[in-house]
Every structure is written in structure tokens, then in C-alpha cells.
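Source file: protein04.cif; contents: mmCIF, C-alpha atoms and all ligand atoms.
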```
data_work
loop_
_atom_site.label_atom_id
_atom_site.label_comp_id
_atom_site.auth_asym_id
_atom_site.auth_seq_id
_atom_site.Cartn_x
_atom_site.Cartn_y
_atom_site.Cartn_z
CA MET A 869 16.63 -33.09 64.85
CA ARG A 870 13.93 -32.76 67.50
CA TYR A 871 10.68 -31.79 65.81
CA SER A 872 9.74 -29.74 68.88
CA GLN A 873 12.72 -27.47 68.01
CA MET A 874 11.99 -27.29 64.27
CA PHE A 875 11.29 -23.90 62.68
CA GLY A 876 8.38 -24.19 60.22
CA LYS A 877 5.89 -26.82 61.36
CA THR A 878 3.15 -28.65 59.47
CA THR A 879 -0.09 -26.76 58.86
CA LYS A 880 -3.61 -27.91 58.05
CA SER A 881 -4.14 -25.27 55.38
CA ALA A 882 -2.21 -25.00 52.14
CA GLN A 883 -1.46 -21.68 50.41
CA ALA A 884 -4.64 -20.22 48.87
CA ASP A 885 -3.51 -20.73 45.27
CA ALA A 886 -2.19 -24.30 45.74
CA ASP A 887 -2.90 -25.72 42.28
CA SER A 888 -0.62 -28.76 42.47
CA ALA A 889 0.55 -31.53 44.80
CA ASN A 890 3.94 -29.86 45.33
CA ALA A 891 2.39 -26.49 46.25
CA LYS A 892 0.02 -28.22 48.70
CA PHE A 893 2.33 -30.71 50.38
CA LEU A 894 5.52 -28.61 50.46
CA THR A 895 3.56 -25.80 52.15
CA GLN A 896 1.53 -28.02 54.50
CA GLY A 897 4.57 -30.11 55.39
CA GLY A 898 6.55 -27.02 56.43
CA PHE A 899 9.15 -27.36 53.64
CA VAL A 900 8.54 -23.96 52.03
CA ASP A 901 6.63 -20.76 52.72
CA GLN A 902 5.13 -18.70 49.93
CA GLU A 903 6.20 -15.05 50.17
CA MET A 904 4.17 -14.06 47.09
CA ALA A 905 3.11 -15.80 43.89
CA GLY A 906 6.09 -17.70 42.48
CA VAL A 907 8.48 -16.74 45.31
CA TYR A 908 9.25 -19.05 48.23
CA THR A 909 11.33 -19.23 51.39
CA TRP A 910 12.96 -22.63 51.81
CA LEU A 911 12.41 -23.56 55.46
CA PRO A 912 14.91 -25.87 57.27
CA LEU A 913 13.09 -29.07 56.23
CA GLY A 914 12.82 -27.99 52.58
CA LEU A 915 16.37 -26.65 52.47
CA HIS A 916 17.58 -30.06 53.61
CA VAL A 917 15.96 -31.65 50.53
CA LEU A 918 17.10 -28.91 48.15
CA ARG A 919 20.70 -29.24 49.39
CA LYS A 920 20.64 -33.02 48.89
CA VAL A 921 19.40 -32.62 45.31
CA GLU A 922 22.03 -29.92 44.64
CA GLN A 923 24.77 -32.09 46.12
CA ILE A 924 23.88 -34.95 43.75
CA VAL A 925 24.01 -32.45 40.85
CA ARG A 926 27.34 -31.06 42.10
CA GLU A 927 28.93 -34.52 42.40
CA GLU A 928 27.95 -35.48 38.85
CA MET A 929 29.13 -32.16 37.36
CA ASN A 930 32.45 -32.52 39.23
CA ALA A 931 32.75 -36.08 37.87
CA LEU A 932 32.53 -34.57 34.35
CA GLY A 933 35.55 -32.44 35.20
CA ALA A 934 33.52 -29.21 35.32
CA LEU A 935 34.66 -26.53 37.79
CA GLU A 936 32.25 -24.80 40.15
CA ILE A 937 32.10 -20.99 40.19
CA PHE A 938 29.55 -18.50 41.52
CA MET A 939 28.49 -15.65 39.24
CA PRO A 940 26.58 -12.47 40.08
CA SER A 941 22.83 -12.24 39.57
CA LEU A 942 23.15 -8.48 39.00
CA GLN A 943 24.29 -8.01 35.39
CA PRO A 944 25.03 -4.89 33.32
CA LYS A 945 22.68 -3.91 30.47
CA GLU A 946 25.62 -3.57 28.04
CA TYR A 947 26.27 -7.33 28.05
CA TRP A 948 22.62 -8.08 27.31
CA GLU A 949 22.62 -5.50 24.49
CA LYS A 950 25.67 -7.19 22.96
CA THR A 951 23.73 -10.45 22.62
CA LYS A 952 20.57 -8.56 21.54
CA ARG A 953 18.65 -10.09 24.44
CA TRP A 954 17.94 -6.90 26.48
CA GLU A 955 14.84 -6.39 24.32
CA GLY A 956 14.58 -9.95 23.05
CA VAL A 957 13.90 -11.86 26.28
CA ASP A 958 10.44 -10.96 27.60
CA ILE A 959 10.86 -12.66 30.99
CA LEU A 960 14.08 -10.72 31.78
CA PHE A 961 13.82 -8.78 35.04
CA LYS A 962 15.21 -5.25 34.55
CA LEU A 963 16.27 -2.87 37.32
CA LYS A 964 17.13 0.81 37.30
CA SER A 965 19.74 2.06 39.77
CA GLN A 966 19.56 5.49 41.44
CA THR A 967 22.58 6.31 39.26
CA ASP A 968 20.20 5.81 36.30
CA LYS A 969 22.11 2.72 35.13
CA ASP A 970 20.16 -0.33 33.97
CA TYR A 971 20.77 -3.86 35.18
CA ALA A 972 19.32 -7.30 34.52
CA LEU A 973 18.61 -9.88 37.21
CA GLY A 974 19.98 -13.05 35.66
CA CYS A 975 17.57 -15.65 34.25
CA THR A 976 20.61 -17.26 32.63
CA HIS A 977 24.34 -16.47 32.56
CA GLU A 978 25.71 -16.61 28.99
CA GLU A 979 26.12 -12.81 29.18
CA VAL A 980 28.38 -13.18 32.23
CA VAL A 981 30.23 -16.42 31.59
CA THR A 982 31.27 -15.69 27.99
CA PRO A 983 33.23 -12.48 28.73
CA LEU A 984 34.47 -14.06 31.99
CA VAL A 985 36.06 -17.06 30.27
CA GLN A 986 37.26 -14.83 27.43
CA LYS A 987 39.22 -12.80 30.01
CA PHE A 988 41.22 -15.85 31.13
CA ILE A 989 41.52 -18.13 28.08
CA GLN A 990 43.69 -17.16 25.10
CA SER A 991 44.96 -20.47 23.72
CA TYR A 992 43.39 -23.66 22.34
CA LYS A 993 45.64 -25.50 24.81
CA GLU A 994 43.44 -24.31 27.68
CA LEU A 995 40.29 -25.79 26.09
CA PRO A 996 37.99 -27.63 26.49
CA LEU A 997 36.76 -26.01 29.68
CA ALA A 998 33.47 -26.44 31.54
CA VAL A 999 32.35 -24.25 34.43
CA TYR A 1000 29.10 -24.41 36.35
CA GLN A 1001 27.28 -22.77 39.21
CA ILE A 1002 24.27 -23.45 41.42
CA ASN A 1003 22.59 -20.10 41.88
CA THR A 1004 19.32 -18.21 42.21
CA LYS A 1005 17.65 -17.20 38.94
CA PHE A 1006 14.88 -14.72 38.18
CA ARG A 1007 12.09 -14.79 35.59
CA ASP A 1008 9.53 -12.05 35.13
CA GLU A 1009 6.68 -14.58 34.70
CA LEU A 1010 3.24 -13.17 33.91
CA ARG A 1011 1.65 -16.13 35.66
CA ALA A 1012 3.66 -17.97 38.25
CA LYS A 1013 2.01 -21.33 38.91
CA SER A 1014 2.36 -24.92 40.08
CA GLY A 1015 4.19 -24.22 43.35
CA VAL A 1016 7.97 -24.41 42.95
CA LEU A 1017 7.64 -25.70 39.35
CA ARG A 1018 7.22 -22.28 37.73
CA GLY A 1019 8.47 -19.49 39.95
CA ARG A 1020 9.72 -15.94 39.56
CA GLU A 1021 12.74 -16.69 41.71
CA PHE A 1022 14.20 -20.21 41.73
CA ARG A 1023 17.36 -22.28 42.04
CA MET A 1024 19.24 -23.59 39.06
CA LYS A 1025 22.44 -25.35 38.12
CA ASP A 1026 23.83 -23.97 34.86
CA MET A 1027 26.96 -25.24 33.19
CA TYR A 1028 28.79 -23.79 30.17
CA SER A 1029 31.39 -25.59 28.08
CA PHE A 1030 33.93 -24.08 25.66
CA HIS A 1031 35.54 -25.90 22.73
CA THR A 1032 37.70 -25.44 19.64
CA SER A 1033 35.90 -27.98 17.45
CA GLN A 1034 32.38 -29.28 16.86
CA GLU A 1035 33.64 -32.80 17.41
CA ASP A 1036 35.03 -31.89 20.83
CA LEU A 1037 31.80 -30.08 21.77
CA GLU A 1038 29.68 -33.09 20.80
CA LYS A 1039 31.91 -35.44 22.75
CA PHE A 1040 31.42 -33.37 25.91
CA TYR A 1041 27.72 -32.84 25.15
CA HIS A 1042 27.10 -36.59 25.14
CA ARG A 1043 29.05 -37.08 28.36
CA ALA A 1044 26.95 -34.31 29.93
CA LEU A 1045 23.79 -36.02 28.66
CA GLN A 1046 24.82 -39.24 30.42
CA ALA A 1047 25.68 -37.30 33.60
CA TYR A 1048 22.18 -35.78 33.54
CA VAL A 1049 20.57 -39.23 33.24
CA LYS A 1050 22.62 -40.25 36.29
CA VAL A 1051 21.60 -37.17 38.31
CA PHE A 1052 17.89 -37.82 37.76
CA SER A 1053 18.15 -41.53 38.43
CA ARG A 1054 20.04 -40.84 41.68
CA CYS A 1055 17.11 -38.58 42.66
CA GLY A 1056 14.79 -41.58 42.15
CA MET A 1057 13.25 -40.16 38.96
CA ASN A 1058 12.22 -41.89 35.75
CA VAL A 1059 13.43 -39.40 33.14
CA LYS A 1060 13.15 -39.51 29.35
CA VAL A 1061 15.68 -37.83 27.07
CA VAL A 1062 13.71 -35.88 24.48
CA GLN A 1063 15.16 -34.17 21.43
CA ALA A 1064 13.93 -30.59 21.81
CA SER A 1065 11.81 -28.87 19.18
CA GLY A 1066 14.51 -26.39 18.19
CA GLY A 1067 16.94 -29.22 17.57
CA ILE A 1068 14.93 -30.71 14.71
CA PHE A 1069 14.74 -27.53 12.67
CA THR A 1070 18.16 -26.05 13.33
CA SER A 1071 21.59 -27.51 12.89
CA ASN A 1072 22.36 -27.16 16.59
CA ILE A 1073 21.41 -30.10 18.79
CA SER A 1074 19.37 -29.72 21.97
CA HIS A 1075 17.72 -32.15 24.40
CA GLU A 1076 15.25 -31.83 27.25
CA PHE A 1077 14.94 -34.16 30.18
CA GLN A 1078 11.34 -35.02 31.02
CA ALA A 1079 10.39 -36.50 34.40
CA ILE A 1080 7.51 -38.91 33.81
CA THR A 1081 4.52 -38.10 36.02
CA PRO A 1082 0.74 -37.89 35.43
CA ALA A 1083 0.95 -34.26 36.66
CA GLY A 1084 3.28 -33.39 33.76
CA GLU A 1085 2.46 -30.46 31.47
CA ASP A 1086 4.11 -31.88 28.32
CA ASN A 1087 2.63 -34.74 26.28
CA LEU A 1088 5.15 -37.37 25.24
CA ILE A 1089 5.50 -40.61 23.34
CA ALA A 1090 8.09 -42.52 25.39
CA CYS A 1091 9.61 -45.96 25.67
CA GLU A 1092 8.47 -48.14 28.58
CA VAL A 1093 11.95 -49.61 28.86
CA CYS A 1094 14.73 -47.13 27.99
CA SER A 1095 15.05 -43.32 28.24
CA PHE A 1096 13.84 -42.62 24.67
CA GLY A 1097 11.07 -40.04 24.34
CA GLN A 1098 9.62 -37.49 21.90
CA ASN A 1099 7.25 -34.56 22.28
CA VAL A 1100 3.84 -35.44 20.82
CA GLU A 1101 3.77 -32.25 18.71
CA ILE A 1102 6.88 -33.15 16.77
CA ALA A 1103 6.98 -36.92 17.21
CA THR A 1104 8.20 -39.10 14.35
CA VAL A 1105 7.08 -42.25 16.20
CA LYS A 1106 3.60 -43.45 17.22
CA GLU A 1107 2.07 -44.94 20.36
CA GLY A 1108 2.15 -48.74 20.24
CA GLU A 1109 5.15 -48.89 17.88
CA ALA A 1110 8.49 -50.40 18.84
CA CYS A 1111 11.12 -48.08 20.37
CA PRO A 1112 13.74 -47.17 17.74
CA GLU A 1113 16.49 -47.56 20.33
CA CYS A 1114 15.62 -50.76 22.23
CA SER A 1115 12.42 -52.07 20.53
CA GLY A 1116 10.48 -51.71 23.81
CA LYS A 1117 6.84 -50.57 23.61
CA LEU A 1118 6.12 -46.85 23.00
CA ILE A 1119 3.34 -45.35 25.15
CA LYS A 1120 1.65 -41.97 25.56
CA THR A 1121 2.66 -40.28 28.80
CA LYS A 1122 3.24 -36.91 30.47
CA GLY A 1123 6.38 -35.23 31.70
CA ILE A 1124 7.76 -32.23 33.58
CA GLU A 1125 10.86 -30.70 32.02
CA VAL A 1126 13.60 -30.79 34.68
CA GLY A 1127 16.67 -30.11 32.56
CA ASN A 1128 17.86 -29.11 29.13
CA ILE A 1129 21.11 -29.00 27.19
CA PHE A 1130 22.03 -26.97 24.11
CA ASP A 1131 24.76 -26.79 21.51
CA LEU A 1132 25.03 -22.97 21.35
CA GLY A 1133 27.50 -22.96 18.48
CA THR A 1134 29.11 -19.50 18.21
CA LYS A 1135 25.99 -17.48 19.10
CA TYR A 1136 27.52 -15.93 22.24
CA THR A 1137 31.18 -16.08 21.30
CA ASP A 1138 30.28 -14.15 18.12
CA ALA A 1139 28.55 -11.49 20.23
CA PHE A 1140 31.63 -11.07 22.43
CA GLU A 1141 34.16 -11.89 19.66
CA PHE A 1142 35.72 -14.61 21.78
CA ASP A 1143 38.63 -16.17 19.84
CA VAL A 1144 41.64 -18.27 20.82
CA ASN A 1145 44.87 -19.05 19.04
CA ASN A 1146 44.76 -22.48 17.43
CA ALA A 1147 47.55 -25.02 16.78
CA GLU A 1148 48.39 -23.36 13.45
CA GLY A 1149 48.92 -20.05 15.21
CA LYS A 1150 45.74 -18.61 13.71
CA VAL A 1151 42.81 -16.98 15.46
CA GLN A 1152 39.75 -19.16 15.85
CA ARG A 1153 36.22 -18.60 17.22
CA VAL A 1154 35.26 -20.63 20.29
CA LEU A 1155 32.21 -22.97 20.38
CA MET A 1156 29.90 -23.22 23.38
CA GLY A 1157 27.41 -25.59 24.98
CA CYS A 1158 25.07 -24.90 27.90
CA TYR A 1159 23.44 -27.30 30.31
CA GLY A 1160 20.70 -26.47 32.85
CA ILE A 1161 18.94 -28.26 35.69
CA GLY A 1162 16.25 -26.45 37.68
CA THR A 1163 17.11 -27.76 41.15
CA SER A 1164 14.14 -26.25 43.01
CA ARG A 1165 11.88 -27.32 40.12
CA LEU A 1166 13.33 -30.82 40.45
CA VAL A 1167 12.26 -30.93 44.12
CA GLY A 1168 8.74 -29.98 42.96
CA ALA A 1169 8.82 -32.67 40.24
CA ILE A 1170 9.89 -35.27 42.81
CA VAL A 1171 6.86 -34.39 44.96
CA GLU A 1172 4.54 -34.52 41.91
CA THR A 1173 5.87 -38.01 41.21
CA PHE A 1174 6.05 -39.41 44.74
CA HIS A 1175 3.00 -38.65 46.88
CA ASP A 1176 -0.35 -40.11 47.92
CA ASP A 1177 -3.43 -38.40 49.39
CA LYS A 1178 -1.74 -38.17 52.82
CA GLY A 1179 1.48 -36.49 51.77
CA ILE A 1180 4.93 -36.87 50.24
CA ILE A 1181 6.82 -40.18 49.80
CA TRP A 1182 10.47 -39.06 49.46
CA PRO A 1183 12.98 -41.29 47.67
CA GLU A 1184 15.65 -42.08 50.28
CA SER A 1185 18.45 -40.27 48.38
CA VAL A 1186 16.77 -36.86 48.73
CA ALA A 1187 14.61 -37.35 51.85
CA PRO A 1188 15.13 -34.66 54.50
CA TYR A 1189 15.78 -37.44 57.05
CA LYS A 1190 16.09 -41.20 56.81
CA VAL A 1191 14.08 -42.03 59.95
CA HIS A 1192 11.03 -40.37 61.48
CA LEU A 1193 11.04 -41.46 65.13
CA VAL A 1194 7.73 -41.02 66.94
CA SER A 1195 7.08 -41.49 70.65
CA LEU A 1196 3.43 -41.92 71.58
CA GLY A 1197 1.85 -41.06 74.93
CA ASN A 1198 3.27 -39.62 78.14
CA ASP A 1199 4.58 -42.84 79.65
CA GLU A 1200 8.01 -42.23 81.23
CA ALA A 1201 9.48 -45.56 80.03
CA VAL A 1202 8.35 -44.77 76.46
CA LYS A 1203 9.99 -41.35 76.60
CA GLN A 1204 13.24 -42.81 77.92
CA GLU A 1205 13.36 -45.59 75.34
CA ALA A 1206 12.65 -43.12 72.49
CA GLU A 1207 15.42 -40.79 73.73
CA LYS A 1208 17.82 -43.73 73.91
CA LEU A 1209 16.95 -44.89 70.39
CA TYR A 1210 17.26 -41.30 69.08
CA ASN A 1211 20.80 -41.03 70.43
CA GLU A 1212 21.76 -44.49 69.14
CA LEU A 1213 20.55 -43.64 65.62
CA LEU A 1214 22.45 -40.33 65.72
CA SER A 1215 25.63 -42.05 66.92
CA LYS A 1216 25.37 -44.38 63.89
CA GLY A 1217 25.28 -41.31 61.64
CA ILE A 1218 21.63 -41.87 60.68
CA GLU A 1219 19.60 -38.72 60.01
CA VAL A 1220 16.61 -38.74 62.34
CA LEU A 1221 13.60 -36.48 62.74
CA PHE A 1222 12.43 -37.15 66.31
CA ASP A 1223 8.81 -36.18 67.01
CA ASP A 1224 9.18 -35.55 70.73
CA ARG A 1225 6.20 -33.18 70.93
CA ASP A 1226 3.42 -33.51 73.45
CA ALA A 1227 0.80 -34.17 70.78
CA SER A 1228 -1.85 -36.79 70.01
CA ALA A 1229 -0.97 -40.07 68.29
CA GLY A 1230 -3.30 -39.13 65.42
CA ALA A 1231 -1.59 -35.77 64.86
CA LYS A 1232 1.93 -37.25 65.03
CA LEU A 1233 1.19 -40.10 62.61
CA ALA A 1234 -0.61 -37.79 60.17
CA ASP A 1235 2.40 -35.44 60.23
CA ALA A 1236 4.76 -38.35 59.58
CA ASP A 1237 2.74 -39.27 56.48
CA LEU A 1238 2.62 -35.65 55.31
CA ILE A 1239 6.38 -35.04 55.75
CA GLY A 1240 7.11 -38.36 54.03
CA VAL A 1241 10.39 -39.56 55.58
CA PRO A 1242 11.13 -43.12 54.25
CA TRP A 1243 11.23 -45.04 57.58
CA ARG A 1244 8.80 -44.44 60.46
CA VAL A 1245 9.68 -45.88 63.87
CA VAL A 1246 6.99 -45.72 66.58
CA VAL A 1247 7.73 -46.27 70.26
CA SER A 1248 4.64 -46.71 72.50
CA LYS A 1249 3.55 -48.49 75.64
CA LYS A 1250 2.08 -51.20 73.43
CA THR A 1251 5.28 -51.81 71.45
CA LEU A 1252 7.47 -51.74 74.57
CA ALA A 1253 5.28 -54.42 76.17
CA GLU A 1254 6.71 -56.70 73.48
CA GLY A 1255 10.23 -55.25 73.83
CA SER A 1256 9.76 -53.85 70.34
CA VAL A 1257 9.14 -50.79 68.19
CA GLU A 1258 6.83 -50.51 65.20
CA LEU A 1259 8.61 -50.06 61.87
CA LYS A 1260 6.85 -48.87 58.72
CA GLU A 1261 8.11 -47.77 55.34
CA ARG A 1262 6.30 -44.69 53.98
CA ASN A 1263 5.62 -46.36 50.64
CA LYS A 1264 4.14 -49.53 52.19
CA SER A 1265 0.82 -50.02 53.98
CA GLU A 1266 1.94 -52.73 56.42
CA ALA A 1267 3.90 -52.04 59.60
CA GLU A 1268 5.98 -54.66 61.42
CA MET A 1269 7.10 -55.12 65.01
CA VAL A 1270 10.86 -55.19 65.38
CA LYS A 1271 12.75 -56.07 68.58
CA LEU A 1272 14.57 -53.12 70.11
CA SER A 1273 17.81 -55.08 69.87
CA GLU A 1274 17.38 -55.50 66.09
CA ILE A 1275 16.08 -52.13 64.97
CA LEU A 1276 19.50 -50.63 64.19
CA ASN A 1277 20.35 -53.51 61.88
CA LYS A 1278 16.98 -53.31 60.19
CA ILE A 1279 17.29 -49.65 59.03
ZN ZN A 1301 13.51 -47.96 24.31
#
```

Any chance you could give the structure as C-alpha cells?
Ligand SMILES: [Zn+2]
Amino acid sequence: MRYSQMFGKTTKSAQADADSANAKFLTQGGFVDQEMAGVYTWLPLGLHVLRKVEQIVREEMNALGALEIFMPSLQPKEYWEKTKRWEGVDILFKLKSQTDKDYALGCTHEEVVTPLVQKFIQSYKELPLAVYQINTKFRDELRAKSGVLRGREFRMKDMYSFHTSQEDLEKFYHRALQAYVKVFSRCGMNVKVVQASGGIFTSNISHEFQAITPAGEDNLIACEVCSFGQNVEIATVKEGEACPECSGKLIKTKGIEVGNIFDLGTKYTDAFEFDVNNAEGKVQRVLMGCYGIGTSRLVGAIVETFHDDKGIIWPESVAPYKVHLVSLGNDEAVKQEAEKLYNELLSKGIEVLFDDRDASAGAKLADADLIGVPWRVVVSKKTLAEGSVELKERNKSEAEMVKLSEILNKI
């Protein structure tokens, strides 16, 4: 991609209410544009990152055997009344049609997926079943804040599983938990698995996944070594003690919740009276689990975790491009060599952002730091005099000169 052709360039000024690193750098870097508080357009650069995160999520959900579907955001009031959540969920967006009918804009999809699966599944032989979607969700937040971390409209992956026994549900639940750990680690994140508050006091289990970052809003006691963590408010362990799972050291830290999973029991299948025939030929109520990952929130959490004062430092797996190629100056030989290298990188299938603009060296290098692509390659009169280019990793301070003939092998 030629940066001169990019829609949504870097800007010096962040949105007025930028209260976090992700709000500041995603806006300044040209990844997102704030339409109003808590609502963002994903510009081409940002959409590239979001799609990479969602593809990692999709691959791991598919590996679990879950099937992807796409459910409507517009949902009838009757379904939400059945589950007693029309009045019960304060952040539910409600719409009135000109026909005087009421609708909800989905903040979650139990009210859609339960009657949907009920329509198709009659026998225990067709269970277990897990379906998921990656969709836009809506929350009527009083105070949207922290950039894409807490929005009114956001992206989410939600999966729902259906079972005929508690044992079967728990088996799938633990596989899903492992899949979540894999998703976050593939995104470069250090995530702790925290038993959620509700889980301690009710019979149904629930876990949250907390991305460890100083910008986190939740206080945790977590293991330095493994993924064990607890919320400070309900912790049964203390800072400095040995981890109950691996005997590593427990420390105080902060996290951003990027996912959660719940054993729903029969809460929703009771509401819709969803039964199947069991092996004994009798009618039996279905059990459900649900599993969420906020994918746009995850992008925000990645930025909170990986940045410095100059901009973002993307982990390679979710970076919008692998290489940021910069040509400096107006020298004809420099331009030609940069064009040649751009085409060679493309022909090798390497994703390149090529800053071919007629701009100052200072502006181009500052933009490269702000955008945060993992590998920066600079072509200038100075580097060509040595038959080389300058190669620098975004997360390192030192650059090195690499011969033109070796650069492709080096990246
Ligand atoms: Zn541990």
C-alpha cells in the first residue's frame, strides 16, 4: 500500500476527549475516527488490524468445532420480555418503529440464538453444538470512555454452546478456556484467567480474561509465571505468596478485561422452554454456555499494552503491515531503488506500507513511529552510497545497515 494513496492519514491532534493511549494513538495514527463519544469509524489502517485480530479469533473458534453464523442486531421486544431483560438490562438500546413496535439493538444474543437453535435441534443426538458470530454490538453507556475500550457501538465475537449434561458443558467450557488463552497469546498479549465474581457465589462457573497492562482498570493479584489471577476484591490469595497452580510469585498488577465465559445453566433455555429428546426417549432441558471476546476492545488493549511516547508498537501478528518502507529525499536513484524494493517485497507476499510521499524526513520517521509497523526500512542517498538500506525494529532503539542484496532474507 502506497501511503500517498491511503485514506485517513496521521494527524498532529488527537480527539478532544482522548483520555487514554489507545484513543490518542489510534486517532492520531489514522486507524480510527471518532464520530461521537464511544462511536468510531474504522479507517483502512485500523480495519486491517481489527480484521487480523478477528481472523485469529475465528481460526481458534473453528478449531473448537464451533460454526460461524451471523445474527441480526435488530431484535424483537417479545424475546427480551421472555428472558425478563427488556426492563432488567439498563444499557439495552431500545428503538420504536413507525409501526409502534419496539425493538432492541443487540448488546448480546442469547435472546436470538436460543430460539434459533431450538428451531433446528430436537434430539440429544444433535448436541453438543456451538455457534458463534463476529458482529457489531450496542450498549447504551452513560459515559463512553477510554477510546475503543468502552464504546456505545463495538465489535464482538460471541459464541454459544448447547449441551445435554453438565459434564459435557464443562468439558467444552474448559476447551473454550484454552482456546481463549491461545487467541490472546497469538495477539501478543499476556492474559490472566480470573475466576469472575459471580462464579464464587453462584453454582455456575464463570471466568474473565484480563490483559495485563499498567493502564488496566481492574486490580489483580496474578502469578508472574502462569495465567493464574484473581480480582483483588475477592482474592483468596495475597501478594508475595506462592501461586496455587505453579508456585510462582504472586504480584499486584492491573488488567483490562478482554473476554469472559459463562456457564449459563438453563437460564435461557428455561425462558424459551428449549427441550430435546434424550436417549431414554424423555424430554430434557438443554444447558447453555456463552463465550465473549470484545474484538475492537482487544485492539484498544493491545495499544494500551504496546506503545511508547512516540506511538504504537504493534505485535507482528496483528500489525497492519509487516514493513514500513520509507524513501527519503528527492534523489531519482533513491526513488527508483525504493520502488524496486517495494515491488520485490510485494512479490514475496510481504505486507508493505510504502511512504512514497513528498514529505520531510522528520515527518516520515515520526509517522512511522506513530503508526508502529514492526520493521522500518529507510532508503536514502546516504544508505545507497553504501549499497544498503537502514533497517530498524519498532521496539528497538538501534538501527542497522543491511546490504540491498540481503534485505529480503533479513525480514
Ligand atoms: Zn502460577

* To do: Counting only C-alpha atoms, select every polymer residue within 12 Å of (18.5, -25.0, 63.2) as defined in the file's coordinates, and provide the selection as a count of residues only.
  => 13

* Asked: segment 1250-1254 of chain A: which residues within 10 Å, counting only C-alpha atoms, same-chain residues fewer than 6 positions away excluded, as a VMD selection string?
  -> chain A and resid 1196 1201 to 1202 1205 1269 to 1272

Grab me every residue within 8 Å of ligand ZN 1301 (chain A), counting only C-alpha atoms and all ligand atoms, and send it over as a short mmCIF file (atom, residue, chain, number, x, y, z; two decimals) with C-alpha atoms, in the frame of the given file.
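Below is the file out12.cif, written as the result:
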```
data_model
loop_
_atom_site.label_atom_id
_atom_site.label_comp_id
_atom_site.auth_asym_id
_atom_site.auth_seq_id
_atom_site.Cartn_x
_atom_site.Cartn_y
_atom_site.Cartn_z
CA ALA A 1090 8.09 -42.52 25.39
CA CYS A 1091 9.61 -45.96 25.67
CA GLU A 1092 8.47 -48.14 28.58
CA VAL A 1093 11.95 -49.61 28.86
CA CYS A 1094 14.73 -47.13 27.99
CA SER A 1095 15.05 -43.32 28.24
CA PHE A 1096 13.84 -42.62 24.67
CA ALA A 1110 8.49 -50.40 18.84
CA CYS A 1111 11.12 -48.08 20.37
CA PRO A 1112 13.74 -47.17 17.74
CA GLU A 1113 16.49 -47.56 20.33
CA CYS A 1114 15.62 -50.76 22.23
CA SER A 1115 12.42 -52.07 20.53
CA GLY A 1116 10.48 -51.71 23.81
CA LYS A 1117 6.84 -50.57 23.61
CA LEU A 1118 6.12 -46.85 23.00
#
```

* Asked: Do you know which residues lie at most 7 Å from (39.2, -23.6, 22.7), with coordinates as in the file and only C-alpha atoms counted, and could you write them as a VMD selection string?
  -> chain A and resid 991 to 992 994 to 996 1030 to 1032 1144 1154

* Distance in Å - atom CA of Tyr1136 of chain A versus atom CA of Gly974 of chain A -> 15.7 Å

* **Separation of atom CA of Ala891 of chain A from atom CA of Val1016 of chain A, in Å and rounded to one decimal** =>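 Result for atom CA of Ala891 of chain A versus atom CA of Val1016 of chain A: 6.8 Å, one decimal.
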
* Gln1152 of chain A: which residues within 12 Å, counting all atoms listed in the file, same-chain residues fewer than 2 positions away excluded, as a PyMOL selection string? -> chain A and resi 990-992+1031-1033+1134+1137-1138+1141-1150+1154-1155

* Test item: residues at most 10 Å from Phe1040 of chain A, only C-alpha atoms, excluding those fewer than 2 positions along its chain, as a list in words ->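 With the cut-off at 10 Å, the set is Leu932, Pro996, Leu997, Ala998, Ser1029, Phe1030, His1031, Gln1034, Glu1035, Asp1036, Leu1037, Glu1038, His1042, Arg1043, Ala1044, Leu1045, Gln1046 and Gly1157 of chain A.
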
* To do: For atom CA of Glu1261 of chain A and atom CA of Arg919 of chain A, determine how far apart the two atoms are, in Å to one decimal place.
  => 23.2 Å

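In terms of minimum interatomic distance to Gly897 of chain A, A:Lys1178 ranks closest within A:Lys1190, A:Lys1260, A:Lys1135, A:Lys1178, counting only C-alpha atoms.
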
* Spatial neighbours of Gln943 of chain A, max dist 8 Å, all atoms listed in the file, sep filter under 3 positions, as a list in words ->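 Selected residues are Pro940, Tyr947, Tyr971, Ala972, Leu973, Gly974 and Val980 of chain A.
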
Within 8 Å of Gly1015 of chain A, counting only C-alpha atoms, which residues show up once you throw out same-chain ones fewer than 4 positions away? Write them as a PDB file with C-alpha atoms, keeping the file's coordinate frame, please.
```
ATOM      1  CA  ALA A 886      -2.190 -24.300  45.740  1.00  0.00           C
ATOM      2  CA  ASP A 887      -2.900 -25.720  42.280  1.00  0.00           C
ATOM      3  CA  SER A 888      -0.620 -28.760  42.470  1.00  0.00           C
ATOM      4  CA  ASN A 890       3.940 -29.860  45.330  1.00  0.00           C
ATOM      5  CA  ALA A 891       2.390 -26.490  46.250  1.00  0.00           C
ATOM      6  CA  LYS A 892       0.020 -28.220  48.700  1.00  0.00           C
ATOM      7  CA  GLY A 906       6.090 -17.700  42.480  1.00  0.00           C
ATOM      8  CA  GLY A1019       8.470 -19.490  39.950  1.00  0.00           C
ATOM      9  CA  GLY A1168       8.740 -29.980  42.960  1.00  0.00           C
TER      10      GLY A1168
END
```

* So, counting only C-alpha atoms, which residue among A:Glu1172, A:Glu1274, A:Glu1101, A:Asp1224 is closest to Ser1256 of chain A? ->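 For Ser1256 of chain A, the nearest of the candidates is A:Glu1274.
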
* **Selected residue of minimal separation from Ala1012 of chain A among A:Ala934, A:Val1051, A:Val1167, A:Met904, counting all atoms listed in the file** =>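 Nearest candidate to Ala1012 of chain A out of A:Ala934, A:Val1051, A:Val1167, A:Met904: A:Met904.
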
* Considering all atoms listed in the file, state which residue in the set A:Gly1084, A:Gly1160, A:Gly898, A:Pro944 is at the smallest distance from Gln1001 of chain A. => A:Gly1160

* **From A:Arg1018, A:His977, A:Lys1264, A:Lys1060, residue lying nearest Asn1003 of chain A [all atoms listed in the file]** =>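 Comparing A:Arg1018, A:His977, A:Lys1264, A:Lys1060 against Asn1003 of chain A, the winner is A:His977.
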